[in-house]
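Reproduced below: upload02.cif, with mmCIF, C-alpha atoms.
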```
data_run
#
loop_
_atom_site.group_PDB
_atom_site.id
_atom_site.type_symbol
_atom_site.label_atom_id
_atom_site.label_comp_id
_atom_site.auth_asym_id
_atom_site.auth_seq_id
_atom_site.Cartn_x
_atom_site.Cartn_y
_atom_site.Cartn_z
ATOM 1 C CA MET A 1 106.255 52.880 107.993
ATOM 2 C CA GLY A 2 108.234 49.795 108.966
ATOM 3 C CA ASP A 3 110.625 48.003 106.590
ATOM 4 C CA LEU A 4 108.420 44.897 106.638
ATOM 5 C CA HIS A 5 105.422 46.879 105.384
ATOM 6 C CA VAL A 6 107.475 48.520 102.636
ATOM 7 C CA ASN A 7 108.911 45.157 101.549
ATOM 8 C CA THR A 8 105.401 43.657 101.453
ATOM 9 C CA LEU A 9 104.183 46.550 99.293
ATOM 10 C CA THR A 10 107.167 46.145 96.982
ATOM 11 C CA LYS A 11 106.521 42.403 96.641
ATOM 12 C CA ASN A 12 102.831 42.997 95.846
ATOM 13 C CA PHE A 13 103.764 45.635 93.274
ATOM 14 C CA LEU A 14 106.197 43.288 91.518
ATOM 15 C CA ILE A 15 103.562 40.539 91.396
ATOM 16 C CA ALA A 16 101.005 42.988 89.970
ATOM 17 C CA LEU A 17 103.533 44.286 87.458
ATOM 18 C CA ILE A 18 104.393 40.779 86.223
ATOM 19 C CA LEU A 19 100.704 39.878 85.872
ATOM 20 C CA ALA A 20 99.959 43.138 84.057
ATOM 21 C CA LEU A 21 102.763 42.605 81.565
ATOM 22 C CA ASN A 22 101.632 39.050 80.899
ATOM 23 C CA VAL A 23 97.990 39.940 80.268
ATOM 24 C CA LEU A 24 98.707 43.160 78.368
ATOM 25 C CA PRO A 25 98.351 41.677 74.848
ATOM 26 C CA LEU A 26 95.016 40.109 75.806
ATOM 27 C CA LYS A 27 93.744 43.333 77.363
ATOM 28 C CA GLN A 28 94.723 45.355 74.320
ATOM 29 C CA ALA A 29 92.951 42.898 72.016
ATOM 30 C CA ASN A 30 89.720 43.399 73.982
ATOM 31 C CA ALA A 31 90.279 47.013 75.001
ATOM 32 C CA THR A 32 87.453 49.316 76.055
ATOM 33 C CA GLU A 33 88.082 52.653 74.410
ATOM 34 C CA GLY A 34 89.035 55.307 76.937
ATOM 35 C CA LEU A 35 89.563 52.892 79.842
ATOM 36 C CA SER A 36 93.087 52.476 81.216
ATOM 37 C CA ALA A 37 95.031 51.559 84.344
ATOM 38 C CA ASN A 38 98.367 52.612 85.760
ATOM 39 C CA ILE A 39 100.904 51.122 88.173
ATOM 40 C CA ALA A 40 103.940 52.920 89.596
ATOM 41 C CA ALA A 41 106.645 52.744 92.239
ATOM 42 C CA THR A 42 108.776 55.538 93.708
ATOM 43 C CA ASN A 43 111.453 55.845 96.361
ATOM 44 C CA ASN A 44 109.675 58.846 97.930
ATOM 45 C CA TYR A 45 106.069 59.952 97.379
ATOM 46 C CA LEU A 46 106.012 63.751 97.127
ATOM 47 C CA TRP A 47 102.907 65.923 96.770
ATOM 48 C CA ARG A 48 103.732 69.527 95.925
ATOM 49 C CA GLY A 49 107.210 68.929 97.306
ATOM 50 C CA LEU A 50 105.864 67.604 100.638
ATOM 51 C CA GLU A 51 106.638 64.033 101.723
ATOM 52 C CA GLN A 52 103.624 61.730 102.069
ATOM 53 C CA THR A 53 105.473 58.620 103.321
ATOM 54 C CA ASN A 54 108.134 60.163 105.575
ATOM 55 C CA GLY A 55 110.773 59.498 102.935
ATOM 56 C CA ALA A 56 109.846 55.827 102.439
ATOM 57 C CA ALA A 57 109.035 54.066 99.162
ATOM 58 C CA ALA A 58 105.513 54.103 97.751
ATOM 59 C CA ILE A 59 103.509 51.821 95.471
ATOM 60 C CA SER A 60 100.528 53.272 93.617
ATOM 61 C CA GLY A 61 97.954 52.390 91.012
ATOM 62 C CA GLY A 62 94.784 53.691 89.446
ATOM 63 C CA VAL A 63 92.034 53.300 86.870
ATOM 64 C CA ASP A 64 90.893 56.068 84.495
ATOM 65 C CA TYR A 65 88.157 56.580 81.939
ATOM 66 C CA ASN A 66 88.586 59.294 79.306
ATOM 67 C CA ALA A 67 85.626 59.912 77.005
ATOM 68 C CA SER A 68 86.041 61.317 73.506
ATOM 69 C CA SER A 69 83.993 64.356 74.624
ATOM 70 C CA GLY A 70 86.758 65.389 77.033
ATOM 71 C CA PHE A 71 85.073 64.158 80.204
ATOM 72 C CA TYR A 72 87.213 61.983 82.472
ATOM 73 C CA VAL A 73 86.838 60.190 85.797
ATOM 74 C CA GLY A 74 89.199 58.026 87.812
ATOM 75 C CA THR A 75 90.502 56.705 91.098
ATOM 76 C CA TRP A 76 94.031 56.283 92.456
ATOM 77 C CA VAL A 77 95.540 54.657 95.557
ATOM 78 C CA SER A 78 98.963 54.784 97.244
ATOM 79 C CA ASN A 79 100.460 54.043 100.624
ATOM 80 C CA ALA A 80 100.781 57.193 102.771
ATOM 81 C CA ASP A 81 101.491 57.880 106.439
ATOM 82 C CA TRP A 82 101.667 61.598 107.230
ATOM 83 C CA ALA A 83 98.986 61.427 109.946
ATOM 84 C CA GLU A 84 98.380 59.176 112.948
ATOM 85 C CA GLY A 85 97.187 55.685 111.993
ATOM 86 C CA MET A 86 97.303 56.451 108.264
ATOM 87 C CA THR A 87 98.541 53.705 105.925
ATOM 88 C CA TYR A 88 97.070 54.667 102.547
ATOM 89 C CA GLU A 89 95.516 57.385 100.404
ATOM 90 C CA LEU A 90 92.512 56.860 98.124
ATOM 91 C CA ASP A 91 91.672 59.569 95.574
ATOM 92 C CA PHE A 92 88.612 60.119 93.405
ATOM 93 C CA TYR A 93 88.573 62.687 90.622
ATOM 94 C CA ALA A 94 86.623 63.875 87.602
ATOM 95 C CA GLY A 95 86.759 66.731 85.157
ATOM 96 C CA PHE A 96 86.672 67.974 81.607
ATOM 97 C CA SER A 97 89.551 68.809 79.282
ATOM 98 C CA GLY A 98 89.649 70.256 75.792
ATOM 99 C CA GLU A 99 91.315 72.542 73.270
ATOM 100 C CA ALA A 100 90.603 76.133 72.329
ATOM 101 C CA LYS A 101 92.632 77.658 69.515
ATOM 102 C CA SER A 102 96.311 77.368 70.495
ATOM 103 C CA PHE A 103 95.921 76.167 74.085
ATOM 104 C CA THR A 104 94.439 73.278 76.064
ATOM 105 C CA TYR A 105 92.523 73.458 79.332
ATOM 106 C CA ASP A 106 91.427 71.189 82.168
ATOM 107 C CA ILE A 107 88.786 71.798 84.848
ATOM 108 C CA GLY A 108 88.017 69.279 87.588
ATOM 109 C CA PHE A 109 88.046 68.232 91.224
ATOM 110 C CA VAL A 110 89.923 65.750 93.394
ATOM 111 C CA HIS A 111 88.789 64.170 96.659
ATOM 112 C CA TYR A 112 91.699 62.977 98.824
ATOM 113 C CA ALA A 113 90.575 60.282 101.280
ATOM 114 C CA TYR A 114 92.548 58.618 104.093
ATOM 115 C CA PRO A 115 90.104 55.969 105.392
ATOM 116 C CA ASP A 116 92.193 54.597 108.282
ATOM 117 C CA SER A 117 93.622 57.866 109.618
ATOM 118 C CA VAL A 118 92.804 58.430 113.304
ATOM 119 C CA VAL A 119 92.206 62.117 112.596
ATOM 120 C CA ASP A 120 89.788 63.185 109.855
ATOM 121 C CA VAL A 121 92.104 64.737 107.249
ATOM 122 C CA ASP A 122 90.054 64.054 104.109
ATOM 123 C CA PHE A 123 89.732 67.040 101.801
ATOM 124 C CA THR A 124 88.478 68.050 98.354
ATOM 125 C CA GLU A 125 89.954 70.509 95.860
ATOM 126 C CA VAL A 126 88.661 72.051 92.665
ATOM 127 C CA ASN A 127 91.311 72.818 90.067
ATOM 128 C CA ALA A 128 91.937 74.287 86.657
ATOM 129 C CA SER A 129 94.912 74.423 84.313
ATOM 130 C CA ILE A 130 95.819 75.983 80.981
ATOM 131 C CA SER A 131 98.631 74.719 78.739
ATOM 132 C CA PHE A 132 100.248 76.721 75.979
ATOM 133 C CA GLY A 133 103.183 75.164 74.147
ATOM 134 C CA VAL A 134 105.603 73.773 76.732
ATOM 135 C CA PHE A 135 104.055 75.748 79.621
ATOM 136 C CA THR A 136 101.231 74.745 81.982
ATOM 137 C CA PHE A 137 99.681 77.103 84.524
ATOM 138 C CA GLY A 138 97.619 75.484 87.276
ATOM 139 C CA TYR A 139 95.443 76.631 90.160
ATOM 140 C CA ALA A 140 93.732 74.558 92.887
ATOM 141 C CA VAL A 141 91.551 75.745 95.750
ATOM 142 C CA LEU A 142 90.329 73.880 98.822
ATOM 143 C CA ALA A 143 86.631 73.107 98.479
ATOM 144 C CA ASP A 144 85.913 70.982 101.549
ATOM 145 C CA ALA A 145 87.844 69.918 104.660
ATOM 146 C CA LYS A 146 87.098 69.548 108.342
ATOM 147 C CA GLY A 147 87.572 72.861 110.147
ATOM 148 C CA VAL A 148 88.527 74.788 107.002
ATOM 149 C CA ASP A 149 86.251 76.955 104.861
ATOM 150 C CA PHE A 150 86.011 76.971 101.084
ATOM 151 C CA GLY A 151 88.833 78.957 99.526
ATOM 152 C CA ASP A 152 90.944 79.223 102.694
ATOM 153 C CA ASP A 153 93.815 77.319 101.060
ATOM 154 C CA SER A 154 95.019 77.366 97.472
ATOM 155 C CA TYR A 155 97.933 76.285 95.308
ATOM 156 C CA ILE A 156 99.271 77.924 92.169
ATOM 157 C CA SER A 157 101.891 76.354 89.895
ATOM 158 C CA LEU A 158 103.842 76.824 86.690
ATOM 159 C CA ASP A 159 105.386 73.901 84.804
ATOM 160 C CA ALA A 160 107.432 73.686 81.633
ATOM 161 C CA GLU A 161 108.477 70.509 79.792
ATOM 162 C CA PHE A 162 110.897 70.254 76.879
ATOM 163 C CA GLU A 163 111.732 67.282 74.682
ATOM 164 C CA ILE A 164 115.475 66.658 74.620
ATOM 165 C CA LEU A 165 117.732 63.956 73.202
ATOM 166 C CA SER A 166 115.659 60.984 72.009
ATOM 167 C CA GLU A 167 112.088 61.296 73.335
ATOM 168 C CA ALA A 168 113.275 62.297 76.814
ATOM 169 C CA GLY A 169 111.398 65.006 78.687
ATOM 170 C CA LEU A 170 113.056 67.668 80.825
ATOM 171 C CA ALA A 171 110.565 69.340 83.166
ATOM 172 C CA PHE A 172 110.766 72.337 85.484
ATOM 173 C CA HIS A 173 108.258 73.145 88.232
ATOM 174 C CA ILE A 174 107.532 75.897 90.731
ATOM 175 C CA GLY A 175 104.496 76.171 92.967
ATOM 176 C CA SER A 176 103.207 78.217 95.879
ATOM 177 C CA GLY A 177 100.647 77.109 98.444
ATOM 178 C CA THR A 178 98.708 78.924 101.154
ATOM 179 C CA ASP A 179 98.249 75.606 102.913
ATOM 180 C CA ASP A 180 97.220 76.001 106.560
ATOM 181 C CA PHE A 181 95.287 72.713 106.403
ATOM 182 C CA TYR A 182 98.131 70.395 105.307
ATOM 183 C CA ALA A 183 101.554 72.045 105.705
ATOM 184 C CA GLY A 184 100.509 74.375 108.503
ATOM 185 C CA GLU A 185 101.949 77.416 106.734
ATOM 186 C CA ALA A 186 102.450 78.942 103.307
ATOM 187 C CA PHE A 187 105.223 77.400 101.248
ATOM 188 C CA ILE A 188 106.985 77.396 97.886
ATOM 189 C CA ASP A 189 108.177 74.227 96.167
ATOM 190 C CA TYR A 190 110.307 73.822 93.070
ATOM 191 C CA GLY A 191 111.914 70.973 91.194
ATOM 192 C CA VAL A 192 113.386 69.559 88.012
ATOM 193 C CA SER A 193 112.973 66.093 86.503
ATOM 194 C CA LEU A 194 114.030 63.982 83.526
ATOM 195 C CA SER A 195 111.666 61.323 82.132
ATOM 196 C CA LYS A 196 112.101 58.604 79.537
ATOM 197 C CA GLY A 197 110.490 55.220 78.913
ATOM 198 C CA GLY A 198 108.422 55.230 82.096
ATOM 199 C CA PHE A 199 111.350 56.232 84.321
ATOM 200 C CA THR A 200 111.526 59.627 86.027
ATOM 201 C CA PHE A 201 114.514 61.039 87.903
ATOM 202 C CA GLY A 202 114.101 64.323 89.725
ATOM 203 C CA PHE A 203 115.024 66.730 92.501
ATOM 204 C CA SER A 204 112.573 68.672 94.662
ATOM 205 C CA LYS A 205 112.889 71.350 97.362
ATOM 206 C CA THR A 206 110.622 73.601 99.422
ATOM 207 C CA ASP A 207 111.319 76.772 101.394
ATOM 208 C CA LEU A 208 110.298 75.089 104.671
ATOM 209 C CA GLY A 209 113.908 74.391 105.667
ATOM 210 C CA ASP A 210 114.033 70.808 104.383
ATOM 211 C CA ASP A 211 116.820 69.187 102.365
ATOM 212 C CA ILE A 212 116.773 68.644 98.609
ATOM 213 C CA LYS A 213 114.914 65.406 97.878
ATOM 214 C CA PHE A 214 115.976 63.015 95.109
ATOM 215 C CA VAL A 215 113.135 61.041 93.538
ATOM 216 C CA VAL A 216 113.228 58.106 91.144
ATOM 217 C CA SER A 217 110.075 56.400 89.892
ATOM 218 C CA TYR A 218 108.844 53.980 87.279
ATOM 219 C CA GLY A 219 105.317 53.628 85.960
ATOM 220 C CA ILE A 220 103.359 51.847 83.243
ATOM 221 C CA ASP A 221 99.979 52.524 81.613
ATOM 222 C CA ILE A 222 97.729 49.677 80.512
ATOM 223 C CA ASP A 223 94.774 49.863 78.124
ATOM 224 C CA LEU A 224 91.800 47.909 79.524
#
```

Same coordinates, now as structure tokens:
Amino acid sequence: MGDLHVNTLTKNFLIALILALNVLPLKQANATEGLSANIAATNNYLWRGLEQTNGAAAISGGVDYNASSGFYVGTWVSNADWAEGMTYELDFYAGFSGEAKSFTYDIGFVHYAYPDSVVDVDFTEVNASISFGVFTFGYAVLADAKGVDFGDDSYISLDAEFEILSEAGLAFHIGSGTDDFYAGEAFIDYGVSLSKGGFTFGFSKTDLGDDIKFVVSYGIDIDL
């Protein structure tokens, strides 16, 4: 991605952020329960420790609906350029989350679309996670992709988040993927991050021979 494109994305994000902050009180006064939006910026868009923008900055945003029953649906978009001709990623997802005794669970699917990629790299995953205390165990399996059968690729992860200091969150992550479709080989990724007030600072690494990546991001949620 060229510097001009990144600067244009950054400018558009700042404009959107200013507008969102100015209309926030009005939106909250006329809020639709369960409907929200999000806007974020990061210096490096990572997905399971793998770079999606070749180390360049990314601007993202999405809209979500969460029903009181536990059902949710949403869409999310970000710039991305890990394949020929690709400039952005557009995701669609839905699922159901709830509580059972002392743990919470989430079951859903995500469709990852790259409309302007020269090569068809769209794919769909089904996923599930269970959270108990500070720990979250997750599992995702490839459901649909060109040239790959259901279940050929999967990703398993374990996350832990602790509240430290004054409402700051310290998170640890490790994951393992059998990802022939995206990474071309199996991999392990791990990282640590610190979050507070919308800001997140973190480090990420994989076992694919890459360097440690430093990530800083800022995001806001808006009730609609």

Close residues, region 111-124 of chain A itself excluded, 12 Å, only C-alpha atoms, min 6 positions apart in chain, as a PyMOL selection string: chain A and resi 47+52+73-95+140-151+153-154+181-182

For Ser195 (chain A), find every residue with an atom within 7 Å (counting only C-alpha atoms), except residues of its own chain fewer than 3 positions away, and show them as a count of residues only. 7

Residue members of the PyMOL selection byres ((chain A and resi 204) around 9) in the file shown, as a PDB file with C-alpha atoms, in the coordinates of the input:
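Contents of the output file result_9.pdb:
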```
ATOM      1  CA  LEU A  46     106.012  63.751  97.127  1.00  0.00           C
ATOM      2  CA  ARG A  48     103.732  69.527  95.925  1.00  0.00           C
ATOM      3  CA  GLY A  49     107.210  68.929  97.306  1.00  0.00           C
ATOM      4  CA  HIS A 173     108.258  73.145  88.232  1.00  0.00           C
ATOM      5  CA  ASP A 189     108.177  74.227  96.167  1.00  0.00           C
ATOM      6  CA  TYR A 190     110.307  73.822  93.070  1.00  0.00           C
ATOM      7  CA  GLY A 191     111.914  70.973  91.194  1.00  0.00           C
ATOM      8  CA  VAL A 192     113.386  69.559  88.012  1.00  0.00           C
ATOM      9  CA  SER A 193     112.973  66.093  86.503  1.00  0.00           C
ATOM     10  CA  GLY A 202     114.101  64.323  89.725  1.00  0.00           C
ATOM     11  CA  PHE A 203     115.024  66.730  92.501  1.00  0.00           C
ATOM     12  CA  LYS A 205     112.889  71.350  97.362  1.00  0.00           C
ATOM     13  CA  THR A 206     110.622  73.601  99.422  1.00  0.00           C
ATOM     14  CA  ASP A 211     116.820  69.187 102.365  1.00  0.00           C
ATOM     15  CA  ILE A 212     116.773  68.644  98.609  1.00  0.00           C
ATOM     16  CA  LYS A 213     114.914  65.406  97.878  1.00  0.00           C
ATOM     17  CA  PHE A 214     115.976  63.015  95.109  1.00  0.00           C
ATOM     18  CA  VAL A 215     113.135  61.041  93.538  1.00  0.00           C
TER      19      VAL A 215
END
```

Please write as a PyMOL selection string the full residue list that the PyMOL selection byres ((chain A and resi 38) around 9) yields on this file. chain A and resi 36-37+39-40+60-64+76+219-223

Under the rule that all atoms listed in the file are counted, which of A:Thr178, A:Lys196, A:Phe137, A:Ile59 is the nearest residue to Leu165 (chain A)? A:Lys196

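Considering all atoms listed in the file, the residue among A:Val126, A:Leu158, A:Ala171, A:Val134 positioned nearest to Phe103 (chain A) is A:Val134.
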
Counting all atoms listed in the file, find the residues whose atoms lie at most 10 Å from (99.4, 74.5, 82.2) (file coordinates) and write them out as a list in words. Phe103, Thr104, Tyr105, Asp106, Ala128, Ser129, Ile130, Ser131, Phe132, Gly133, Val134, Phe135, Thr136, Phe137, Gly138, Tyr139, Ser157, Leu158, Asp159 and Ala160 of chain A

Please dump the current selection as a compact mmCIF listing (two decimals), in the coordinates of the input; keep C-alpha atoms.
```txt
# COMPACT_ATOMS: atom_id res chain seq x y z
CA PHE A 103 95.92 76.17 74.08
CA THR A 104 94.44 73.28 76.06
CA TYR A 105 92.52 73.46 79.33
CA ASP A 106 91.43 71.19 82.17
CA ALA A 128 91.94 74.29 86.66
CA SER A 129 94.91 74.42 84.31
CA ILE A 130 95.82 75.98 80.98
CA SER A 131 98.63 74.72 78.74
CA PHE A 132 100.25 76.72 75.98
CA GLY A 133 103.18 75.16 74.15
CA VAL A 134 105.60 73.77 76.73
CA PHE A 135 104.06 75.75 79.62
CA THR A 136 101.23 74.74 81.98
CA PHE A 137 99.68 77.10 84.52
CA GLY A 138 97.62 75.48 87.28
CA TYR A 139 95.44 76.63 90.16
CA SER A 157 101.89 76.35 89.90
CA LEU A 158 103.84 76.82 86.69
CA ASP A 159 105.39 73.90 84.80
CA ALA A 160 107.43 73.69 81.63
```

Interatomic distance between CA of Ser217 (chain A) and CA of Ser166 (chain A)? 19.3 Å

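The space between CA of Glu99 (chain A) and CA of Thr32 (chain A) spans 23.7 Å.
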
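Ranking A:Phe109, A:Phe162, A:Tyr155, A:Tyr72 by their shortest atom-to-atom distance to Ile188 (chain A), with only C-alpha atoms included, puts A:Tyr155 first.
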
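Atom pair CA of Ser97 (chain A) / CA of Leu224 (chain A) has a distance of 21.0 Å (rounded to one decimal).
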
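When only C-alpha atoms are used to measure the gap to Ile156 (chain A), the shortest distance among A:Gly108, A:Gly197, A:Gly34, A:Gly177 belongs to A:Gly177.
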